[in-house]
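*Asks:* final.pdb is the file, holding PDB, C-alpha atoms and all ligand atoms:
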```pdb
MODEL        1
ATOM      1  CA  MET A  19      72.476 109.234  80.748  1.00  0.00           C
ATOM      2  CA  GLN A  20      74.212 112.513  80.094  1.00  0.00           C
ATOM      3  CA  VAL A  21      76.833 112.622  77.338  1.00  0.00           C
ATOM      4  CA  ILE A  22      79.248 115.556  77.402  1.00  0.00           C
ATOM      5  CA  ILE A  23      81.415 116.011  74.293  1.00  0.00           C
ATOM      6  CA  ASP A  24      84.379 118.353  74.655  1.00  0.00           C
ATOM      7  CA  SER A  25      88.159 118.560  74.318  1.00  0.00           C
ATOM      8  CA  THR A  26      90.120 115.947  76.272  1.00  0.00           C
ATOM      9  CA  ALA A  27      91.403 118.591  78.698  1.00  0.00           C
ATOM     10  CA  LYS A  28      87.929 119.945  79.423  1.00  0.00           C
ATOM     11  CA  CYS A  29      86.553 116.420  79.892  1.00  0.00           C
ATOM     12  CA  VAL A  30      89.316 115.717  82.417  1.00  0.00           C
ATOM     13  CA  ASN A  31      88.688 118.994  84.252  1.00  0.00           C
ATOM     14  CA  GLN A  32      84.956 118.441  84.479  1.00  0.00           C
ATOM     15  CA  ALA A  33      85.291 114.835  85.622  1.00  0.00           C
ATOM     16  CA  ALA A  34      87.929 115.839  88.208  1.00  0.00           C
ATOM     17  CA  GLU A  35      85.601 118.544  89.468  1.00  0.00           C
ATOM     18  CA  ARG A  36      82.856 115.965  90.009  1.00  0.00           C
ATOM     19  CA  PHE A  37      85.216 113.918  92.209  1.00  0.00           C
ATOM     20  CA  SER A  38      86.483 117.001  93.984  1.00  0.00           C
ATOM     21  CA  ALA A  39      82.967 118.283  94.701  1.00  0.00           C
ATOM     22  CA  LEU A  40      81.994 114.898  96.124  1.00  0.00           C
ATOM     23  CA  LEU A  41      85.034 114.805  98.436  1.00  0.00           C
ATOM     24  CA  ARG A  42      84.334 118.337  99.658  1.00  0.00           C
ATOM     25  CA  ARG A  43      80.698 117.445 100.336  1.00  0.00           C
ATOM     26  CA  LYS A  44      81.365 113.944 101.687  1.00  0.00           C
ATOM     27  CA  PRO A  45      84.955 113.523 102.937  1.00  0.00           C
ATOM     28  CA  ASP A  46      84.340 109.827 103.721  1.00  0.00           C
ATOM     29  CA  ALA A  47      83.042 109.007 100.247  1.00  0.00           C
ATOM     30  CA  VAL A  48      83.459 105.551  98.721  1.00  0.00           C
ATOM     31  CA  LEU A  49      85.024 105.782  95.273  1.00  0.00           C
ATOM     32  CA  GLY A  50      85.200 103.201  92.503  1.00  0.00           C
ATOM     33  CA  LEU A  51      88.362 103.583  90.437  1.00  0.00           C
ATOM     34  CA  ALA A  52      89.713 102.489  87.071  1.00  0.00           C
ATOM     35  CA  THR A  53      93.205 101.998  85.701  1.00  0.00           C
ATOM     36  CA  GLY A  54      94.560 102.374  82.162  1.00  0.00           C
ATOM     37  CA  SER A  55      95.514 105.429  80.139  1.00  0.00           C
ATOM     38  CA  THR A  56      92.179 107.224  80.358  1.00  0.00           C
ATOM     39  CA  PRO A  57      92.076 108.125  84.088  1.00  0.00           C
ATOM     40  CA  GLU A  58      95.738 109.132  84.439  1.00  0.00           C
ATOM     41  CA  ALA A  59      95.228 112.857  83.838  1.00  0.00           C
ATOM     42  CA  LEU A  60      92.226 112.910  86.155  1.00  0.00           C
ATOM     43  CA  TYR A  61      94.298 111.362  88.947  1.00  0.00           C
ATOM     44  CA  GLY A  62      96.925 114.032  88.245  1.00  0.00           C
ATOM     45  CA  LYS A  63      94.294 116.743  88.777  1.00  0.00           C
ATOM     46  CA  LEU A  64      93.133 115.170  92.035  1.00  0.00           C
ATOM     47  CA  ILE A  65      96.738 115.068  93.275  1.00  0.00           C
ATOM     48  CA  GLU A  66      97.079 118.781  92.388  1.00  0.00           C
ATOM     49  CA  GLN A  67      93.900 119.565  94.309  1.00  0.00           C
ATOM     50  CA  TYR A  68      95.115 117.576  97.299  1.00  0.00           C
ATOM     51  CA  LYS A  69      98.444 119.428  97.269  1.00  0.00           C
ATOM     52  CA  ALA A  70      96.603 122.748  97.054  1.00  0.00           C
ATOM     53  CA  GLY A  71      94.634 121.795 100.176  1.00  0.00           C
ATOM     54  CA  ILE A  72      91.302 121.697  98.321  1.00  0.00           C
ATOM     55  CA  ILE A  73      90.541 118.014  98.967  1.00  0.00           C
ATOM     56  CA  SER A  74      91.696 115.285 101.328  1.00  0.00           C
ATOM     57  CA  PHE A  75      91.558 111.510 100.946  1.00  0.00           C
ATOM     58  CA  LYS A  76      92.053 110.818 104.659  1.00  0.00           C
ATOM     59  CA  LYS A  77      88.600 109.317 105.161  1.00  0.00           C
ATOM     60  CA  VAL A  78      88.054 108.044 101.625  1.00  0.00           C
ATOM     61  CA  THR A  79      87.548 104.376 100.799  1.00  0.00           C
ATOM     62  CA  THR A  80      88.302 103.076  97.292  1.00  0.00           C
ATOM     63  CA  PHE A  81      87.462  99.951  95.319  1.00  0.00           C
ATOM     64  CA  ASN A  82      89.172  99.370  92.000  1.00  0.00           C
ATOM     65  CA  LEU A  83      87.337  97.704  89.180  1.00  0.00           C
ATOM     66  CA  ASP A  84      89.755  94.971  88.323  1.00  0.00           C
ATOM     67  CA  GLU A  85      93.122  93.229  88.530  1.00  0.00           C
ATOM     68  CA  TYR A  86      95.011  90.736  86.386  1.00  0.00           C
ATOM     69  CA  VAL A  87      94.925  87.137  87.581  1.00  0.00           C
ATOM     70  CA  GLY A  88      98.404  85.953  88.553  1.00  0.00           C
ATOM     71  CA  LEU A  89      99.937  89.377  89.249  1.00  0.00           C
ATOM     72  CA  ASN A  90     100.533  90.299  92.856  1.00  0.00           C
ATOM     73  CA  GLY A  91     100.447  93.897  93.994  1.00  0.00           C
ATOM     74  CA  ASP A  92     104.209  94.342  93.598  1.00  0.00           C
ATOM     75  CA  HIS A  93     104.231  93.396  89.932  1.00  0.00           C
ATOM     76  CA  PRO A  94     105.021  96.506  87.844  1.00  0.00           C
ATOM     77  CA  GLN A  95     102.007  95.902  85.579  1.00  0.00           C
ATOM     78  CA  SER A  96      99.556  95.092  88.366  1.00  0.00           C
ATOM     79  CA  TYR A  97      96.687  97.472  88.805  1.00  0.00           C
ATOM     80  CA  ARG A  98      97.509  97.770  92.525  1.00  0.00           C
ATOM     81  CA  ARG A  99     100.934  99.104  91.563  1.00  0.00           C
ATOM     82  CA  PHE A 100      99.343 101.429  88.975  1.00  0.00           C
ATOM     83  CA  MET A 101      97.085 102.924  91.640  1.00  0.00           C
ATOM     84  CA  GLN A 102      99.984 103.379  94.056  1.00  0.00           C
ATOM     85  CA  GLU A 103     102.046 105.167  91.418  1.00  0.00           C
ATOM     86  CA  LYS A 104      99.310 107.263  89.822  1.00  0.00           C
ATOM     87  CA  LEU A 105      97.335 108.280  92.917  1.00  0.00           C
ATOM     88  CA  PHE A 106      97.677 106.636  96.314  1.00  0.00           C
ATOM     89  CA  ASP A 107     101.383 107.395  96.892  1.00  0.00           C
ATOM     90  CA  HIS A 108     100.763 111.110  96.314  1.00  0.00           C
ATOM     91  CA  VAL A 109      97.773 111.761  98.578  1.00  0.00           C
ATOM     92  CA  ASP A 110      96.878 111.278 102.250  1.00  0.00           C
ATOM     93  CA  ILE A 111      94.767 108.159 101.705  1.00  0.00           C
ATOM     94  CA  ASP A 112      94.843 105.383 104.318  1.00  0.00           C
ATOM     95  CA  LEU A 113      96.112 102.397 102.301  1.00  0.00           C
ATOM     96  CA  LYS A 114      94.026 100.058 104.459  1.00  0.00           C
ATOM     97  CA  GLN A 115      90.995 101.764 102.968  1.00  0.00           C
ATOM     98  CA  THR A 116      92.084 101.085  99.371  1.00  0.00           C
ATOM     99  CA  HIS A 117      90.918  97.900  97.692  1.00  0.00           C
ATOM    100  CA  VAL A 118      92.010  96.312  94.434  1.00  0.00           C
ATOM    101  CA  PRO A 119      90.797  92.795  93.643  1.00  0.00           C
ATOM    102  CA  ASP A 120      93.402  90.218  94.625  1.00  0.00           C
ATOM    103  CA  GLY A 121      94.941  88.792  91.453  1.00  0.00           C
ATOM    104  CA  VAL A 122      96.596  85.920  93.288  1.00  0.00           C
ATOM    105  CA  HIS A 123      94.163  84.608  95.899  1.00  0.00           C
ATOM    106  CA  THR A 124      90.825  85.206  94.200  1.00  0.00           C
ATOM    107  CA  THR A 125      89.025  82.018  93.146  1.00  0.00           C
ATOM    108  CA  PRO A 126      85.719  81.537  91.305  1.00  0.00           C
ATOM    109  CA  GLU A 127      84.228  80.636  94.694  1.00  0.00           C
ATOM    110  CA  ASN A 128      85.390  83.680  96.681  1.00  0.00           C
ATOM    111  CA  ALA A 129      85.435  86.395  93.975  1.00  0.00           C
ATOM    112  CA  ALA A 130      82.032  87.794  94.942  1.00  0.00           C
ATOM    113  CA  ASP A 131      83.321  88.495  98.476  1.00  0.00           C
ATOM    114  CA  TYR A 132      84.504  91.759  96.906  1.00  0.00           C
ATOM    115  CA  ASP A 133      80.855  92.751  96.461  1.00  0.00           C
ATOM    116  CA  LYS A 134      80.274  92.050 100.152  1.00  0.00           C
ATOM    117  CA  MET A 135      83.193  94.326 101.035  1.00  0.00           C
ATOM    118  CA  ILE A 136      81.731  97.094  98.879  1.00  0.00           C
ATOM    119  CA  GLU A 137      78.361  96.632 100.540  1.00  0.00           C
ATOM    120  CA  ALA A 138      79.930  96.650 104.015  1.00  0.00           C
ATOM    121  CA  ALA A 139      81.616  99.970 103.162  1.00  0.00           C
ATOM    122  CA  GLY A 140      78.190 101.445 102.368  1.00  0.00           C
ATOM    123  CA  GLY A 141      78.263 101.045  98.567  1.00  0.00           C
ATOM    124  CA  ILE A 142      80.099 103.091  95.950  1.00  0.00           C
ATOM    125  CA  ASP A 143      79.161 106.779  95.789  1.00  0.00           C
ATOM    126  CA  LEU A 144      80.958 107.564  92.530  1.00  0.00           C
ATOM    127  CA  LEU A 145      82.478 105.023  90.141  1.00  0.00           C
ATOM    128  CA  LEU A 146      84.919 105.922  87.391  1.00  0.00           C
ATOM    129  CA  LEU A 147      84.940 103.838  84.222  1.00  0.00           C
ATOM    130  CA  GLY A 148      86.951 103.758  81.025  1.00  0.00           C
ATOM    131  CA  ILE A 149      85.717 101.806  78.032  1.00  0.00           C
ATOM    132  CA  GLY A 150      87.471  99.167  75.936  1.00  0.00           C
ATOM    133  CA  ASN A 151      87.713  99.426  72.155  1.00  0.00           C
ATOM    134  CA  ASN A 152      85.206  96.551  72.165  1.00  0.00           C
ATOM    135  CA  GLY A 153      82.805  98.309  74.562  1.00  0.00           C
ATOM    136  CA  HIS A 154      83.920  96.512  77.725  1.00  0.00           C
ATOM    137  CA  ILE A 155      83.552  98.159  81.132  1.00  0.00           C
ATOM    138  CA  GLY A 156      85.791  96.846  83.860  1.00  0.00           C
ATOM    139  CA  PHE A 157      86.814  93.626  82.153  1.00  0.00           C
ATOM    140  CA  ASN A 158      83.249  92.675  81.299  1.00  0.00           C
ATOM    141  CA  GLU A 159      83.830  91.691  77.703  1.00  0.00           C
ATOM    142  CA  PRO A 160      81.105  91.523  75.018  1.00  0.00           C
ATOM    143  CA  GLY A 161      78.588  88.809  75.882  1.00  0.00           C
ATOM    144  CA  SER A 162      78.966  89.315  79.661  1.00  0.00           C
ATOM    145  CA  SER A 163      75.917  88.791  81.830  1.00  0.00           C
ATOM    146  CA  PHE A 164      74.289  91.940  83.234  1.00  0.00           C
ATOM    147  CA  ASP A 165      73.693  89.983  86.476  1.00  0.00           C
ATOM    148  CA  ALA A 166      77.324  89.203  87.279  1.00  0.00           C
ATOM    149  CA  LEU A 167      78.970  90.079  90.580  1.00  0.00           C
ATOM    150  CA  THR A 168      82.771  90.271  90.887  1.00  0.00           C
ATOM    151  CA  HIS A 169      84.171  87.260  89.061  1.00  0.00           C
ATOM    152  CA  ILE A 170      87.110  85.877  87.097  1.00  0.00           C
ATOM    153  CA  VAL A 171      87.000  86.420  83.331  1.00  0.00           C
ATOM    154  CA  ASP A 172      88.964  85.304  80.303  1.00  0.00           C
ATOM    155  CA  LEU A 173      90.287  88.378  78.513  1.00  0.00           C
ATOM    156  CA  ASN A 174      89.465  88.753  74.826  1.00  0.00           C
ATOM    157  CA  GLU A 175      92.401  88.611  72.455  1.00  0.00           C
ATOM    158  CA  SER A 176      91.623  92.217  71.383  1.00  0.00           C
ATOM    159  CA  THR A 177      91.828  93.368  75.016  1.00  0.00           C
ATOM    160  CA  ARG A 178      95.157  91.571  75.498  1.00  0.00           C
ATOM    161  CA  GLN A 179      96.455  93.203  72.305  1.00  0.00           C
ATOM    162  CA  ALA A 180      95.246  96.648  73.462  1.00  0.00           C
ATOM    163  CA  ASN A 181      96.951  96.234  76.837  1.00  0.00           C
ATOM    164  CA  ALA A 182     100.166  94.712  75.457  1.00  0.00           C
ATOM    165  CA  ARG A 183     101.597  98.243  75.306  1.00  0.00           C
ATOM    166  CA  PHE A 184     102.141  98.088  79.073  1.00  0.00           C
ATOM    167  CA  PHE A 185     104.081  94.781  78.894  1.00  0.00           C
ATOM    168  CA  ALA A 186     107.362  93.714  77.266  1.00  0.00           C
ATOM    169  CA  SER A 187     105.435  91.447  74.882  1.00  0.00           C
ATOM    170  CA  ILE A 188     101.906  90.129  74.256  1.00  0.00           C
ATOM    171  CA  ASN A 189     102.974  86.792  75.775  1.00  0.00           C
ATOM    172  CA  GLU A 190     103.324  88.473  79.164  1.00  0.00           C
ATOM    173  CA  VAL A 191      99.779  89.881  79.173  1.00  0.00           C
ATOM    174  CA  PRO A 192      97.718  87.744  81.566  1.00  0.00           C
ATOM    175  CA  LYS A 193      94.889  85.753  80.029  1.00  0.00           C
ATOM    176  CA  GLN A 194      92.461  86.300  82.890  1.00  0.00           C
ATOM    177  CA  ALA A 195      91.369  89.069  85.231  1.00  0.00           C
ATOM    178  CA  VAL A 196      89.214  89.542  88.324  1.00  0.00           C
ATOM    179  CA  THR A 197      86.601  92.188  87.593  1.00  0.00           C
ATOM    180  CA  MET A 198      83.602  93.781  89.225  1.00  0.00           C
ATOM    181  CA  GLY A 199      80.626  92.365  87.338  1.00  0.00           C
ATOM    182  CA  ILE A 200      78.081  94.483  85.530  1.00  0.00           C
ATOM    183  CA  HIS A 201      75.664  94.105  88.442  1.00  0.00           C
ATOM    184  CA  THR A 202      78.399  95.367  90.796  1.00  0.00           C
ATOM    185  CA  ILE A 203      79.000  98.360  88.527  1.00  0.00           C
ATOM    186  CA  MET A 204      75.301  99.162  88.234  1.00  0.00           C
ATOM    187  CA  GLN A 205      74.971  99.250  92.045  1.00  0.00           C
ATOM    188  CA  ALA A 206      77.156 102.382  92.223  1.00  0.00           C
ATOM    189  CA  ARG A 207      75.057 105.435  93.079  1.00  0.00           C
ATOM    190  CA  SER A 208      76.695 107.588  90.435  1.00  0.00           C
ATOM    191  CA  ILE A 209      78.931 106.691  87.474  1.00  0.00           C
ATOM    192  CA  ILE A 210      81.330 108.664  85.290  1.00  0.00           C
ATOM    193  CA  LEU A 211      82.673 107.087  82.100  1.00  0.00           C
ATOM    194  CA  MET A 212      85.502 108.770  80.233  1.00  0.00           C
ATOM    195  CA  ALA A 213      86.459 107.920  76.632  1.00  0.00           C
ATOM    196  CA  PHE A 214      89.274 109.577  74.735  1.00  0.00           C
ATOM    197  CA  GLY A 215      90.518 109.138  71.180  1.00  0.00           C
ATOM    198  CA  ALA A 216      89.189 107.831  67.884  1.00  0.00           C
ATOM    199  CA  GLY A 217      89.944 104.239  68.899  1.00  0.00           C
ATOM    200  CA  LYS A 218      86.960 104.434  71.268  1.00  0.00           C
ATOM    201  CA  SER A 219      84.520 106.020  68.797  1.00  0.00           C
ATOM    202  CA  GLN A 220      82.750 102.836  67.696  1.00  0.00           C
ATOM    203  CA  ALA A 221      82.406 101.560  71.249  1.00  0.00           C
ATOM    204  CA  ILE A 222      80.975 104.923  72.325  1.00  0.00           C
ATOM    205  CA  ALA A 223      78.549 105.027  69.379  1.00  0.00           C
ATOM    206  CA  GLY A 224      77.375 101.525  70.265  1.00  0.00           C
ATOM    207  CA  ALA A 225      77.005 102.402  73.935  1.00  0.00           C
ATOM    208  CA  VAL A 226      75.174 105.691  73.341  1.00  0.00           C
ATOM    209  CA  THR A 227      72.991 105.041  70.298  1.00  0.00           C
ATOM    210  CA  GLY A 228      72.925 101.273  69.704  1.00  0.00           C
ATOM    211  CA  PRO A 229      70.612  98.802  71.420  1.00  0.00           C
ATOM    212  CA  VAL A 230      71.143  98.024  75.102  1.00  0.00           C
ATOM    213  CA  SER A 231      72.839  94.699  74.618  1.00  0.00           C
ATOM    214  CA  ALA A 232      75.541  92.477  76.063  1.00  0.00           C
ATOM    215  CA  ASP A 233      77.290  92.852  72.684  1.00  0.00           C
ATOM    216  CA  VAL A 234      78.357  96.328  73.859  1.00  0.00           C
ATOM    217  CA  PRO A 235      78.578  95.994  77.654  1.00  0.00           C
ATOM    218  CA  ALA A 236      78.773  99.790  78.201  1.00  0.00           C
ATOM    219  CA  SER A 237      75.274 100.143  76.687  1.00  0.00           C
ATOM    220  CA  VAL A 238      73.880  98.795  79.987  1.00  0.00           C
ATOM    221  CA  LEU A 239      74.729 102.168  81.535  1.00  0.00           C
ATOM    222  CA  ARG A 240      71.676 103.626  79.792  1.00  0.00           C
ATOM    223  CA  LEU A 241      69.595 101.677  82.355  1.00  0.00           C
ATOM    224  CA  HIS A 242      71.338 103.436  85.274  1.00  0.00           C
ATOM    225  CA  PRO A 243      69.739 106.593  86.732  1.00  0.00           C
ATOM    226  CA  ASP A 244      72.928 108.650  87.179  1.00  0.00           C
ATOM    227  CA  VAL A 245      75.597 108.241  84.497  1.00  0.00           C
ATOM    228  CA  THR A 246      77.683 110.967  82.866  1.00  0.00           C
ATOM    229  CA  MET A 247      79.916 110.150  79.922  1.00  0.00           C
ATOM    230  CA  PHE A 248      82.770 112.548  79.205  1.00  0.00           C
ATOM    231  CA  VAL A 249      83.655 111.871  75.577  1.00  0.00           C
ATOM    232  CA  ASP A 250      86.352 113.800  73.779  1.00  0.00           C
ATOM    233  CA  ASP A 251      85.957 114.950  70.186  1.00  0.00           C
ATOM    234  CA  GLY A 252      87.881 111.964  68.805  1.00  0.00           C
ATOM    235  CA  ALA A 253      85.818 109.397  70.699  1.00  0.00           C
ATOM    236  CA  ALA A 254      82.580 111.149  69.660  1.00  0.00           C
ATOM    237  CA  THR A 255      83.131 110.946  65.889  1.00  0.00           C
ATOM    238  CA  ASP A 256      80.837 107.953  65.308  1.00  0.00           C
ATOM    239  CA  ILE A 257      77.917 109.179  67.409  1.00  0.00           C
ATOM    240  CA  LYS A 258      75.156 109.821  64.900  1.00  0.00           C
ATOM    241  CA  VAL A 259      72.702 112.452  66.089  1.00  0.00           C
TER     242      VAL A 259
HETATM  243  C1  LIG B 301      90.640  99.374  83.749  1.00  0.00           C
HETATM  244  C2  LIG B 301      89.406  98.893  83.116  1.00  0.00           C
HETATM  245  C3  LIG B 301      89.238  98.878  81.638  1.00  0.00           C
HETATM  246  C4  LIG B 301      89.757 100.155  80.976  1.00  0.00           C
HETATM  247  C5  LIG B 301      89.578 100.078  79.463  1.00  0.00           C
HETATM  248  C6  LIG B 301      90.181 101.300  78.761  1.00  0.00           C
HETATM  249  O1  LIG B 301      90.572  99.312  85.135  1.00  0.00           O
HETATM  250  O2  LIG B 301      88.540  98.470  83.814  1.00  0.00           O
HETATM  251  O3  LIG B 301      87.875  98.720  81.323  1.00  0.00           O
HETATM  252  O4  LIG B 301      89.068 101.260  81.478  1.00  0.00           O
HETATM  253  O5  LIG B 301      90.179  98.918  78.962  1.00  0.00           O
HETATM  254  O6  LIG B 301      91.550 101.315  78.970  1.00  0.00           O
HETATM  255  P1  LIG B 301      92.426 102.599  78.554  1.00  0.00           P
HETATM  256  O7  LIG B 301      91.996 103.718  79.433  1.00  0.00           O
HETATM  257  O8  LIG B 301      93.844 102.199  78.815  1.00  0.00           O
HETATM  258  O9  LIG B 301      92.129 102.865  77.119  1.00  0.00           O
ENDMDL
END
```
Spell out the structure here as structure tokens.

*Replies:*
Amino acid sequence: MQVIIDSTAKCVNQAAERFSALLRRKPDAVLGLATGSTPEALYGKLIEQYKAGIISFKKVTTFNLDEYVGLNGDHPQSYRRFMQEKLFDHVDIDLKQTHVPDGVHTTPENAADYDKMIEAAGGIDLLLLGIGNNGHIGFNEPGSSFDALTHIVDLNESTRQANARFFASINEVPKQAVTMGIHTIMQARSIILMAFGAGKSQAIAGAVTGPVSADVPASVLRLHPDVTMFVDDGAATDIKV
């Protein structure tokens, strides 16, 4: 695992360049995408590059990590809506080629069909991850099995609190989500994790220097052959070298 520590802006630029280089080399790449605050600036850079004619999304296929249970794609806080607003509506992507887990129709029995769709698309070339304050990746909370495929999870109270900023009140934050499992994530050929701000510093320290353990789900990434973490100065403060 490679850990790059730099300013937030330089982390964003470098991560965006990795996506851009992939799309120039492989215009029909399969991307894994995240929502939340962390990837917003990166999506902004990719939109800029699209508008400048440097990259195209015409042949790209995407699979998002997760979606809230109970929110349909029109809900303002749904991750489908987030992706439309932050990326898809601004580039030439074919919406039929964009996939976000279905927050309404997914059941425990059919959730892993998402893995079959990823496999049928040829697997994920490059997957983007953020990290929760508690070390979660996707919505795989501490204690999650490393063997899990896409499944429905109960969100930790700390995750609901962290995400309450996007909702009118904590009561509106869904209690469950559909998420790629850790096994699904580890199947991606290449992974980029971005972490910004001091709030992520303990999770990053645990992931980078602690034991590989379900207590810090992101630590599993150390077992993957091609992971780059872009960590800004704030998020790097607890890494002890
Ligand atoms: C989002 C996701 C989550 C977030 C994480 C960090 O699709 O899977 O793991 O990446 O909760 O969220 P932000 O970036 O809002 O701090």

*Asks:* Could you list, as a PyMOL selection string, all residues that come within 10 Å of ligand LIG 301 (chain B)? Count all atoms listed in the file.

*Replies:* chain A and resi 50-58+82-86+97+100-101+118+146-159+177-178+180-181+183-184+195+197-198+211-215+217-218+236

*Asks:* Going by the chain IDs and residue numbers used in this file, which residues fall under the PyMOL selection byres (((chain A and resi 120) around 8) and not hetatm)? Write them as an mmCIF file with C-alpha atoms, keeping the file's coordinate frame.

*Replies:*
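New file result07.cif:
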```cif
data_model
loop_
_atom_site.group_PDB
_atom_site.id
_atom_site.type_symbol
_atom_site.label_atom_id
_atom_site.label_comp_id
_atom_site.auth_asym_id
_atom_site.auth_seq_id
_atom_site.Cartn_x
_atom_site.Cartn_y
_atom_site.Cartn_z
ATOM 1 C CA GLU A 85 93.122 93.229 88.530
ATOM 2 C CA VAL A 87 94.925 87.137 87.581
ATOM 3 C CA ASN A 90 100.533 90.299 92.856
ATOM 4 C CA GLY A 91 100.447 93.897 93.994
ATOM 5 C CA VAL A 118 92.010 96.312 94.434
ATOM 6 C CA PRO A 119 90.797 92.795 93.643
ATOM 7 C CA GLY A 121 94.941 88.792 91.453
ATOM 8 C CA VAL A 122 96.596 85.920 93.288
ATOM 9 C CA HIS A 123 94.163 84.608 95.899
ATOM 10 C CA THR A 124 90.825 85.206 94.200
ATOM 11 C CA VAL A 196 89.214 89.542 88.324
#
```

*Asks:* Tell me which residues the PyMOL selection byres (((chain A and resi 107) around 12) and not hetatm) grabs here, as a VMD selection string.

*Replies:* chain A and resid 61 to 62 65 68 75 98 to 106 108 to 113 116

*Asks:* Would you write out, as a ChimeraX atom specification, every residue that the PyMOL selection byres (((chain A and resi 226) around 10) and not hetatm) captures in this file?

*Replies:* /A:19-21,220-225,227-230,234,236-240,247,254,257-258

*Asks:* Those residues you just picked out, can you put them in a file as a short mmCIF file (atom, residue, chain, number, x, y, z; two decimals), in the frame of the given file with C-alpha atoms?

*Replies:*
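Final output, saved to out36.cif:
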```cif
data_model
loop_
_atom_site.label_atom_id
_atom_site.label_comp_id
_atom_site.auth_asym_id
_atom_site.auth_seq_id
_atom_site.Cartn_x
_atom_site.Cartn_y
_atom_site.Cartn_z
CA MET A 19 72.48 109.23 80.75
CA GLN A 20 74.21 112.51 80.09
CA VAL A 21 76.83 112.62 77.34
CA GLN A 220 82.75 102.84 67.70
CA ALA A 221 82.41 101.56 71.25
CA ILE A 222 80.97 104.92 72.32
CA ALA A 223 78.55 105.03 69.38
CA GLY A 224 77.38 101.52 70.26
CA ALA A 225 77.00 102.40 73.94
CA THR A 227 72.99 105.04 70.30
CA GLY A 228 72.92 101.27 69.70
CA PRO A 229 70.61 98.80 71.42
CA VAL A 230 71.14 98.02 75.10
CA VAL A 234 78.36 96.33 73.86
CA ALA A 236 78.77 99.79 78.20
CA SER A 237 75.27 100.14 76.69
CA VAL A 238 73.88 98.80 79.99
CA LEU A 239 74.73 102.17 81.54
CA ARG A 240 71.68 103.63 79.79
CA MET A 247 79.92 110.15 79.92
CA ALA A 254 82.58 111.15 69.66
CA ILE A 257 77.92 109.18 67.41
CA LYS A 258 75.16 109.82 64.90
#
```

*Asks:* Of the candidates A:Ser187, A:Thr202, A:Gln115, A:Ser176, which shows the shortest atom-to-atom distance to Tyr132 of chain A, using all atoms listed in the file?

*Replies:*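 Result for the nearest residue to Tyr132 of chain A: A:Thr202.
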
*Asks:* Looking at A:Thr125, A:Asp143, A:Glu137, A:Asp244, which one is nearest to Lys44 of chain A, with distances taken over only C-alpha atoms?

*Replies:*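 Comparing A:Thr125, A:Asp143, A:Glu137, A:Asp244 against Lys44 of chain A, the winner is A:Asp143.
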
*Asks:* What is the distance between atom CA of Glu175 of chain A and atom CA of Gln205 of chain A, in Å to one decimal?

*Replies:*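 About the pair atom CA of Glu175 of chain A and atom CA of Gln205 of chain A: they are 28.3 Å apart.
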
*Asks:* May I ask for the distance between atom CA of Ile142 of chain A and atom CA of Ile210 of chain A, given in Å to one decimal place?

*Replies:*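 Computed distance, atom CA of Ile142 of chain A to atom CA of Ile210 of chain A, equals 12.1 Å.
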
*Asks:* Report, in Å to a single decimal, how far apart atom CA of Val191 of chain A and atom CA of Ala166 of chain A are.

*Replies:*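 Spanning atom CA of Ala166 of chain A to atom CA of Val191 of chain A is a straight-line distance of 23.9 Å.
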
*Asks:* Measuring between all atoms listed in the file, which one of A:Ala186, A:Gln194, A:Ala33, A:Ala206 shows the shortest distance to Pro94 of chain A?

*Replies:*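 Going through A:Ala186, A:Gln194, A:Ala33, A:Ala206 one by one, the smallest distance to Pro94 of chain A is for A:Ala186.
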
*Asks:* Could you tell me, as a list in words, which residues have any atom at most 8 Å from (87.8, 101.6, 100.9), counting only C-alpha atoms?

*Replies:*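 Those residues, ordered by chain and then number, are Val48, Leu49, Val78, Thr79, Thr80, Phe81, Lys114, Gln115, Thr116, His117, Ile136 and Ala139 of chain A.
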
*Asks:* Calculate, to one decimal in Å, the centre and edge lengths of the box along x, y and z of the file that holds all listed atoms of segment 190-199 of chain A with 3 Å of margin on each side, and present them as JSON.

*Replies:*
```
{"center_x": 92.0, "center_y": 89.8, "center_z": 84.2, "size_x": 28.7, "size_y": 14.0, "size_z": 16.1}
```

*Asks:* Pick out the closest residue to Gln67 of chain A from this set: A:Ser38, A:Gln95, A:Ser231, A:Asn174. Count all atoms listed in the file.

*Replies:*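 For Gln67 of chain A, the nearest of the candidates is A:Ser38.
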
*Asks:* Given only C-alpha atoms as the basis, pick out the residue of A:Ile188, A:Ala70, A:Leu167, A:Ile209 nearest to Leu145 of chain A.

*Replies:*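 Under the stated criterion, the closest residue is A:Ile209.
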
*Asks:* My list of candidates is A:Ser219, A:Ser96, A:Ser74, A:Thr246. Which is closest to Arg43 of chain A when distances are computed with only C-alpha atoms?

*Replies:*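 Residue with the minimum atom-to-atom distance to Arg43 of chain A: A:Ser74.
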
*Asks:* Given all atoms listed in the file, how would the per-residue table for segment 140-258 of chain A near segment 24-29 of chain A read, listing every residue at most 7 Å away with its closest atom pair and distance in Å to one decimal, sorted by chain and number, as a tab-separated table?

*Replies:*
```
residue	atom	partner	partner_atom	distance
A:Phe214	CA	A:Thr26	CA	6.6
A:Phe248	CA	A:Cys29	CA	5.5
A:Val249	CA	A:Asp24	CA	6.6
A:Asp250	CA	A:Thr26	CA	5.0
A:Asp251	CA	A:Asp24	CA	5.8
```
